[in-house]
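Student: Have a peek at structure.pdb (PDB, C-alpha atoms, pLDDT in the B column).
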ATOM      1  CA  SER A 490      73.949   6.445  76.420  1.00 53.00           C
ATOM      2  CA  LYS A 491      72.303   4.955  73.293  1.00 62.00           C
ATOM      3  CA  LYS A 492      74.584   4.828  70.252  1.00 69.00           C
ATOM      4  CA  SER A 493      73.379   6.906  67.315  1.00 72.00           C
ATOM      5  CA  ARG A 494      73.263   5.420  63.809  1.00 72.00           C
ATOM      6  CA  ARG A 495      73.921   8.833  62.332  1.00 75.00           C
ATOM      7  CA  LYS A 496      77.143   9.114  60.334  1.00 73.00           C
ATOM      8  CA  LYS A 497      77.100  12.933  60.195  1.00 78.00           C
ATOM      9  CA  PRO A 498      74.876  15.586  61.829  1.00 84.00           C
ATOM     10  CA  SER A 499      71.642  16.343  59.965  1.00 89.00           C
ATOM     11  CA  GLN A 500      71.449  19.680  58.163  1.00 92.00           C
ATOM     12  CA  PHE A 501      67.658  19.690  58.341  1.00 94.00           C
ATOM     13  CA  TRP A 502      66.300  18.401  61.658  1.00 96.00           C
ATOM     14  CA  ASP A 503      65.351  21.122  64.166  1.00 96.00           C
ATOM     15  CA  VAL A 504      66.053  23.941  61.706  1.00 96.00           C
ATOM     16  CA  PRO A 505      63.363  26.630  62.227  1.00 96.00           C
ATOM     17  CA  PRO A 506      62.167  29.011  59.512  1.00 94.00           C
ATOM     18  CA  PRO A 507      64.368  32.115  59.415  1.00 94.00           C
ATOM     19  CA  GLY A 508      63.025  34.732  61.822  1.00 94.00           C
ATOM     20  CA  PHE A 509      61.015  32.242  63.907  1.00 95.00           C
ATOM     21  CA  GLU A 510      63.807  30.898  66.090  1.00 95.00           C
ATOM     22  CA  HIS A 511      62.131  32.386  69.187  1.00 96.00           C
ATOM     23  CA  ILE A 512      58.851  30.424  68.947  1.00 96.00           C
ATOM     24  CA  THR A 513      58.072  26.718  69.090  1.00 97.00           C
ATOM     25  CA  PRO A 514      56.686  24.703  66.163  1.00 97.00           C
ATOM     26  CA  LEU A 515      53.400  24.356  68.083  1.00 96.00           C
ATOM     27  CA  GLN A 516      53.136  28.147  68.442  1.00 96.00           C
ATOM     28  CA  TYR A 517      53.985  28.531  64.736  1.00 96.00           C
ATOM     29  CA  LYS A 518      51.210  26.088  63.741  1.00 95.00           C
ATOM     30  CA  ALA A 519      48.743  27.903  66.002  1.00 95.00           C
ATOM     31  CA  LEU A 520      49.548  31.122  64.094  1.00 94.00           C
ATOM     32  CA  GLN A 521      48.990  29.278  60.792  1.00 92.00           C
ATOM     33  CA  ALA A 522      45.672  27.931  62.052  1.00 91.00           C
ATOM     34  CA  THR A 523      44.416  31.448  62.789  1.00 92.00           C
ATOM     35  CA  GLY A 524      45.577  32.707  59.392  1.00 89.00           C
ATOM     36  CA  GLN A 525      48.346  34.897  60.801  1.00 89.00           C
ATOM     37  CA  LEU A 526      51.004  32.907  58.934  1.00 88.00           C
ATOM     38  CA  PRO A 527      50.746  31.276  55.496  1.00 85.00           C
ATOM     39  CA  VAL A 528      50.971  27.494  55.132  1.00 81.00           C
ATOM     40  CA  ALA A 529      53.861  26.567  52.830  1.00 70.00           C
ATOM     41  CA  GLY A 530      53.507  24.082  49.999  1.00 54.00           C
ATOM     42  CA  ALA A 531      50.405  21.991  49.463  1.00 42.00           C
ATOM     43  CA  ALA A 532      47.134  22.730  51.229  1.00 46.00           C
ATOM     44  CA  LEU A 533      47.023  20.995  54.578  1.00 46.00           C
ATOM     45  CA  PRO A 534      43.979  19.115  55.852  1.00 45.00           C
TER      46      PRO A 534
ATOM     47  CA  CYS B 291      37.621  10.384  48.486  1.00 61.00           C
ATOM     48  CA  SER B 292      35.789  12.387  51.124  1.00 61.00           C
ATOM     49  CA  ARG B 293      39.102  13.266  52.855  1.00 63.00           C
ATOM     50  CA  GLN B 294      37.284  12.511  56.108  1.00 64.00           C
ATOM     51  CA  HIS B 295      39.977  10.063  57.162  1.00 69.00           C
ATOM     52  CA  ASN B 296      39.693   7.969  60.274  1.00 74.00           C
ATOM     53  CA  ARG B 297      42.166   9.140  62.937  1.00 81.00           C
ATOM     54  CA  PRO B 298      42.756   6.220  65.325  1.00 86.00           C
ATOM     55  CA  THR B 299      43.415   6.521  69.061  1.00 89.00           C
ATOM     56  CA  TYR B 300      46.105   3.820  68.928  1.00 90.00           C
ATOM     57  CA  SER B 301      48.236   2.792  65.978  1.00 93.00           C
ATOM     58  CA  GLN B 302      51.736   1.662  65.087  1.00 95.00           C
ATOM     59  CA  THR B 303      51.684   3.982  62.072  1.00 95.00           C
ATOM     60  CA  VAL B 304      52.463   7.685  62.038  1.00 95.00           C
ATOM     61  CA  LEU B 305      51.628   9.992  59.149  1.00 94.00           C
ATOM     62  CA  LEU B 306      53.907  12.989  58.604  1.00 94.00           C
ATOM     63  CA  ASN B 307      51.925  15.322  56.369  1.00 91.00           C
ATOM     64  CA  HIS B 308      53.663  16.810  53.306  1.00 87.00           C
ATOM     65  CA  MET B 309      57.131  16.466  54.782  1.00 89.00           C
ATOM     66  CA  TYR B 310      59.034  15.327  51.678  1.00 88.00           C
ATOM     67  CA  ARG B 311      59.486  18.212  49.294  1.00 83.00           C
ATOM     68  CA  SER B 312      60.596  16.699  46.027  1.00 78.00           C
ATOM     69  CA  PRO B 313      62.872  18.852  43.883  1.00 75.00           C
ATOM     70  CA  VAL B 314      60.315  18.238  41.100  1.00 73.00           C
ATOM     71  CA  ASN B 315      58.023  20.643  42.958  1.00 66.00           C
ATOM     72  CA  LEU B 316      60.697  23.190  43.858  1.00 64.00           C
ATOM     73  CA  SER B 317      62.806  25.623  41.926  1.00 64.00           C
ATOM     74  CA  LEU B 318      66.299  24.287  41.329  1.00 65.00           C
ATOM     75  CA  THR B 319      68.942  25.034  43.924  1.00 69.00           C
ATOM     76  CA  PRO B 320      72.338  26.252  42.654  1.00 74.00           C
ATOM     77  CA  GLU B 321      73.755  22.854  43.659  1.00 70.00           C
ATOM     78  CA  MET B 322      71.213  21.056  41.449  1.00 66.00           C
ATOM     79  CA  GLN B 323      71.864  23.415  38.546  1.00 71.00           C
ATOM     80  CA  ARG B 324      75.566  22.711  38.923  1.00 73.00           C
ATOM     81  CA  LEU B 325      74.818  18.991  38.732  1.00 67.00           C
ATOM     82  CA  GLY B 326      73.006  19.514  35.431  1.00 71.00           C
ATOM     83  CA  GLY B 327      69.381  19.953  36.506  1.00 72.00           C
ATOM     84  CA  LEU B 328      66.879  17.325  37.527  1.00 74.00           C
ATOM     85  CA  THR B 329      68.284  14.110  36.158  1.00 80.00           C
ATOM     86  CA  GLU B 330      66.991  10.748  37.416  1.00 82.00           C
ATOM     87  CA  GLU B 331      70.241  10.438  39.335  1.00 84.00           C
ATOM     88  CA  VAL B 332      69.856  13.816  41.072  1.00 80.00           C
ATOM     89  CA  LEU B 333      66.280  12.975  42.078  1.00 84.00           C
ATOM     90  CA  GLN B 334      67.280   9.542  43.359  1.00 88.00           C
ATOM     91  CA  THR B 335      70.204  10.930  45.369  1.00 88.00           C
ATOM     92  CA  HIS B 336      67.966  13.614  46.877  1.00 87.00           C
ATOM     93  CA  PHE B 337      65.366  10.995  47.796  1.00 89.00           C
ATOM     94  CA  ASP B 338      67.932   8.547  49.230  1.00 91.00           C
ATOM     95  CA  GLU B 339      69.551  11.212  51.404  1.00 91.00           C
ATOM     96  CA  PHE B 340      66.153  12.383  52.661  1.00 91.00           C
ATOM     97  CA  PHE B 341      65.082   8.791  53.407  1.00 93.00           C
ATOM     98  CA  GLU B 342      68.241   8.139  55.429  1.00 94.00           C
ATOM     99  CA  ASP B 343      67.940  11.445  57.302  1.00 94.00           C
ATOM    100  CA  ILE B 344      64.375  10.599  58.358  1.00 95.00           C
ATOM    101  CA  TYR B 345      64.969   6.910  59.090  1.00 96.00           C
ATOM    102  CA  VAL B 346      68.052   7.413  61.255  1.00 95.00           C
ATOM    103  CA  GLU B 347      66.481  10.206  63.319  1.00 96.00           C
ATOM    104  CA  LEU B 348      63.220   8.337  63.944  1.00 97.00           C
ATOM    105  CA  VAL B 349      64.951   5.114  64.979  1.00 96.00           C
ATOM    106  CA  ASP B 350      67.423   7.000  67.201  1.00 95.00           C
ATOM    107  CA  LYS B 351      64.810   9.134  68.975  1.00 96.00           C
ATOM    108  CA  TYR B 352      61.587   7.118  69.020  1.00 97.00           C
ATOM    109  CA  GLY B 353      62.231   3.395  68.471  1.00 97.00           C
ATOM    110  CA  PRO B 354      62.524   0.588  65.923  1.00 97.00           C
ATOM    111  CA  ILE B 355      60.670   0.943  62.620  1.00 96.00           C
ATOM    112  CA  GLU B 356      58.913  -1.831  60.732  1.00 95.00           C
ATOM    113  CA  GLU B 357      58.324   0.097  57.508  1.00 94.00           C
ATOM    114  CA  LEU B 358      58.922   3.615  56.156  1.00 94.00           C
ATOM    115  CA  ASN B 359      57.130   4.876  53.037  1.00 91.00           C
ATOM    116  CA  ILE B 360      57.567   8.233  51.388  1.00 89.00           C
ATOM    117  CA  CYS B 361      54.909   9.259  48.836  1.00 83.00           C
ATOM    118  CA  GLU B 362      56.055  10.703  45.564  1.00 72.00           C
ATOM    119  CA  ASN B 363      52.418  10.881  44.529  1.00 65.00           C
ATOM    120  CA  LEU B 364      51.589  14.382  43.296  1.00 63.00           C
ATOM    121  CA  GLY B 365      47.942  14.432  44.465  1.00 64.00           C
ATOM    122  CA  ASP B 366      47.350  17.434  46.755  1.00 65.00           C
ATOM    123  CA  HIS B 367      46.541  15.515  49.899  1.00 66.00           C
ATOM    124  CA  LEU B 368      49.250  12.863  49.403  1.00 71.00           C
ATOM    125  CA  VAL B 369      52.183  14.856  48.097  1.00 76.00           C
ATOM    126  CA  GLY B 370      55.253  14.309  50.265  1.00 86.00           C
ATOM    127  CA  ASN B 371      53.405  12.290  52.900  1.00 90.00           C
ATOM    128  CA  ILE B 372      55.534   9.951  54.978  1.00 93.00           C
ATOM    129  CA  TYR B 373      54.077   6.833  56.617  1.00 93.00           C
ATOM    130  CA  VAL B 374      56.171   5.362  59.409  1.00 96.00           C
ATOM    131  CA  MET B 375      55.119   2.040  60.901  1.00 96.00           C
ATOM    132  CA  PHE B 376      56.854   1.526  64.252  1.00 97.00           C
ATOM    133  CA  LYS B 377      57.260  -1.893  65.835  1.00 97.00           C
ATOM    134  CA  ARG B 378      55.466  -0.648  68.968  1.00 97.00           C
ATOM    135  CA  GLU B 379      52.337   1.488  69.350  1.00 96.00           C
ATOM    136  CA  GLU B 380      53.860   3.370  72.280  1.00 97.00           C
ATOM    137  CA  ASP B 381      56.785   4.473  70.107  1.00 97.00           C
ATOM    138  CA  ALA B 382      54.353   5.730  67.448  1.00 97.00           C
ATOM    139  CA  GLN B 383      52.538   7.836  70.064  1.00 97.00           C
ATOM    140  CA  LYS B 384      55.877   9.092  71.424  1.00 97.00           C
ATOM    141  CA  ALA B 385      56.873  10.069  67.869  1.00 97.00           C
ATOM    142  CA  VAL B 386      53.615  11.978  67.221  1.00 97.00           C
ATOM    143  CA  ASP B 387      53.955  13.895  70.493  1.00 97.00           C
ATOM    144  CA  GLY B 388      57.634  14.667  69.917  1.00 97.00           C
ATOM    145  CA  LEU B 389      57.546  15.440  66.184  1.00 97.00           C
ATOM    146  CA  ASN B 390      54.617  17.842  66.418  1.00 97.00           C
ATOM    147  CA  ASN B 391      56.917  20.166  68.328  1.00 96.00           C
ATOM    148  CA  ARG B 392      59.930  19.906  66.019  1.00 97.00           C
ATOM    149  CA  TRP B 393      61.098  21.657  62.859  1.00 97.00           C
ATOM    150  CA  TYR B 394      62.417  20.066  59.702  1.00 96.00           C
ATOM    151  CA  ASN B 395      64.146  22.138  57.052  1.00 93.00           C
ATOM    152  CA  GLY B 396      62.506  25.398  58.080  1.00 93.00           C
ATOM    153  CA  GLN B 397      58.985  23.988  58.504  1.00 93.00           C
ATOM    154  CA  PRO B 398      56.987  22.637  61.445  1.00 95.00           C
ATOM    155  CA  ILE B 399      56.189  18.903  61.302  1.00 96.00           C
ATOM    156  CA  TYR B 400      52.518  17.816  61.125  1.00 95.00           C
ATOM    157  CA  ALA B 401      52.328  14.354  62.700  1.00 96.00           C
ATOM    158  CA  GLU B 402      49.274  12.205  63.433  1.00 95.00           C
ATOM    159  CA  LEU B 403      48.431   8.535  63.943  1.00 95.00           C
ATOM    160  CA  SER B 404      47.262   6.744  60.797  1.00 92.00           C
ATOM    161  CA  PRO B 405      45.098   3.610  60.509  1.00 86.00           C
ATOM    162  CA  VAL B 406      47.220   2.209  57.630  1.00 82.00           C
ATOM    163  CA  THR B 407      49.065  -1.011  58.480  1.00 77.00           C
ATOM    164  CA  ASP B 408      49.192  -2.766  55.100  1.00 74.00           C
ATOM    165  CA  PHE B 409      50.582  -0.349  52.541  1.00 71.00           C
ATOM    166  CA  ARG B 410      49.828  -2.600  49.551  1.00 68.00           C
ATOM    167  CA  GLU B 411      46.164  -2.505  50.496  1.00 65.00           C
ATOM    168  CA  ALA B 412      46.108   1.201  51.384  1.00 65.00           C
ATOM    169  CA  CYS B 413      43.948   3.043  48.920  1.00 61.00           C
ATOM    170  CA  CYS B 414      42.157   6.329  49.212  1.00 58.00           C
ATOM    171  CA  ARG B 415      38.590   5.756  48.046  1.00 53.00           C
TER     172      ARG B 415
END
Translate the structure of the given file into structure tokens.

Tutor:
Amino acid sequence: SKKSRRKKPSQFWDVPPPGFEHITPLQYKALQATGQLPVAGAALP
Amino acid sequence: CSRQHNRPTYSQTVLLNHMYRSPVNLSLTPEMQRLGGLTEEVLQTHFDEFFEDIYVELVDKYGPIEELNICENLGDHLVGNIYVMFKREEDAQKAVDGLNNRWYNGQPIYAELSPVTDFREACCR
């Protein structure tokens, strides 16, 4: 298999928001788009 | 700027919207307080570690990168934007498709193709 350049595992990649481990990021964004979940940080386009 | 940006069908460049969250815009973590607050050094270390985390993952999973730019600009529509120019268009498309269904640090990733290829000339008018 391809050799990874990573020296240690990432603490951030593929970490879901607490409580949303059971849904996919696409489902999460769909909920944001319909106003059922807030969008964190700056306003998105 | 009208914010009506052109979204190309093919491009080597991927835009990751608002993905870098600078500590300048966040409340201090206990670790940062322990280090003495937001010194230049703390900010640079945070940025360098983030840059490496993004670069390594993108090269590993999607393909070789020509250029990686992370905006520290504080304008609403630019804050934390990451522009990744892949060597190959097909890798950029693969990255958009893959990243849009991944999390990073407790947030979904918002990826799209971007028309920008020359970052020195890139200017929002």

Student: Identify all chain A residues at most 7 Å from chain B by counting all atoms listed in the file; ligands do not count. Present them as a ChimeraX atom specification.

Tutor: /A:493-495,499,501-506,513-515,531-532

Student: To one decimal place in Å, what is the distance between CA of Glu356 in chain B and CA of Val406 in chain B?

Tutor: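 Rounded to one decimal, the two atoms are 12.8 Å apart.
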
Student: With the PyMOL selection byres ((chain B and resi 381) around 12) as the selection, what would be picked from this file? Answer as number ranges by chain, please.

Tutor: B: 300-304, 348-356, 374-380, 382-389, 403

Student: Could you state the separation of CA of Glu510 in chain A and CA of Pro527 in chain A in Å, given to one decimal place?

Tutor: 16.8 Å

Student: For a quick check of understanding, using all atoms listed in the file, which of B:Thr299, B:Thr335, B:Ser312, B:Thr329 has the smallest distance to Cys361 in chain B?

Tutor: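 Closest to Cys361 in chain B, using all atoms listed in the file: B:Ser312.
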
Student: One decimal, in Å: what's the spacing between CA of Leu358 in chain B and CA of Tyr373 in chain B?

Tutor: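 The value is 5.8 Å.
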
Student: Could you check which of B:Glu339, B:Glu330, B:Glu402, B:Glu357 is closest to Lys496 in chain A, using only C-alpha atoms?

Tutor: B:Glu339
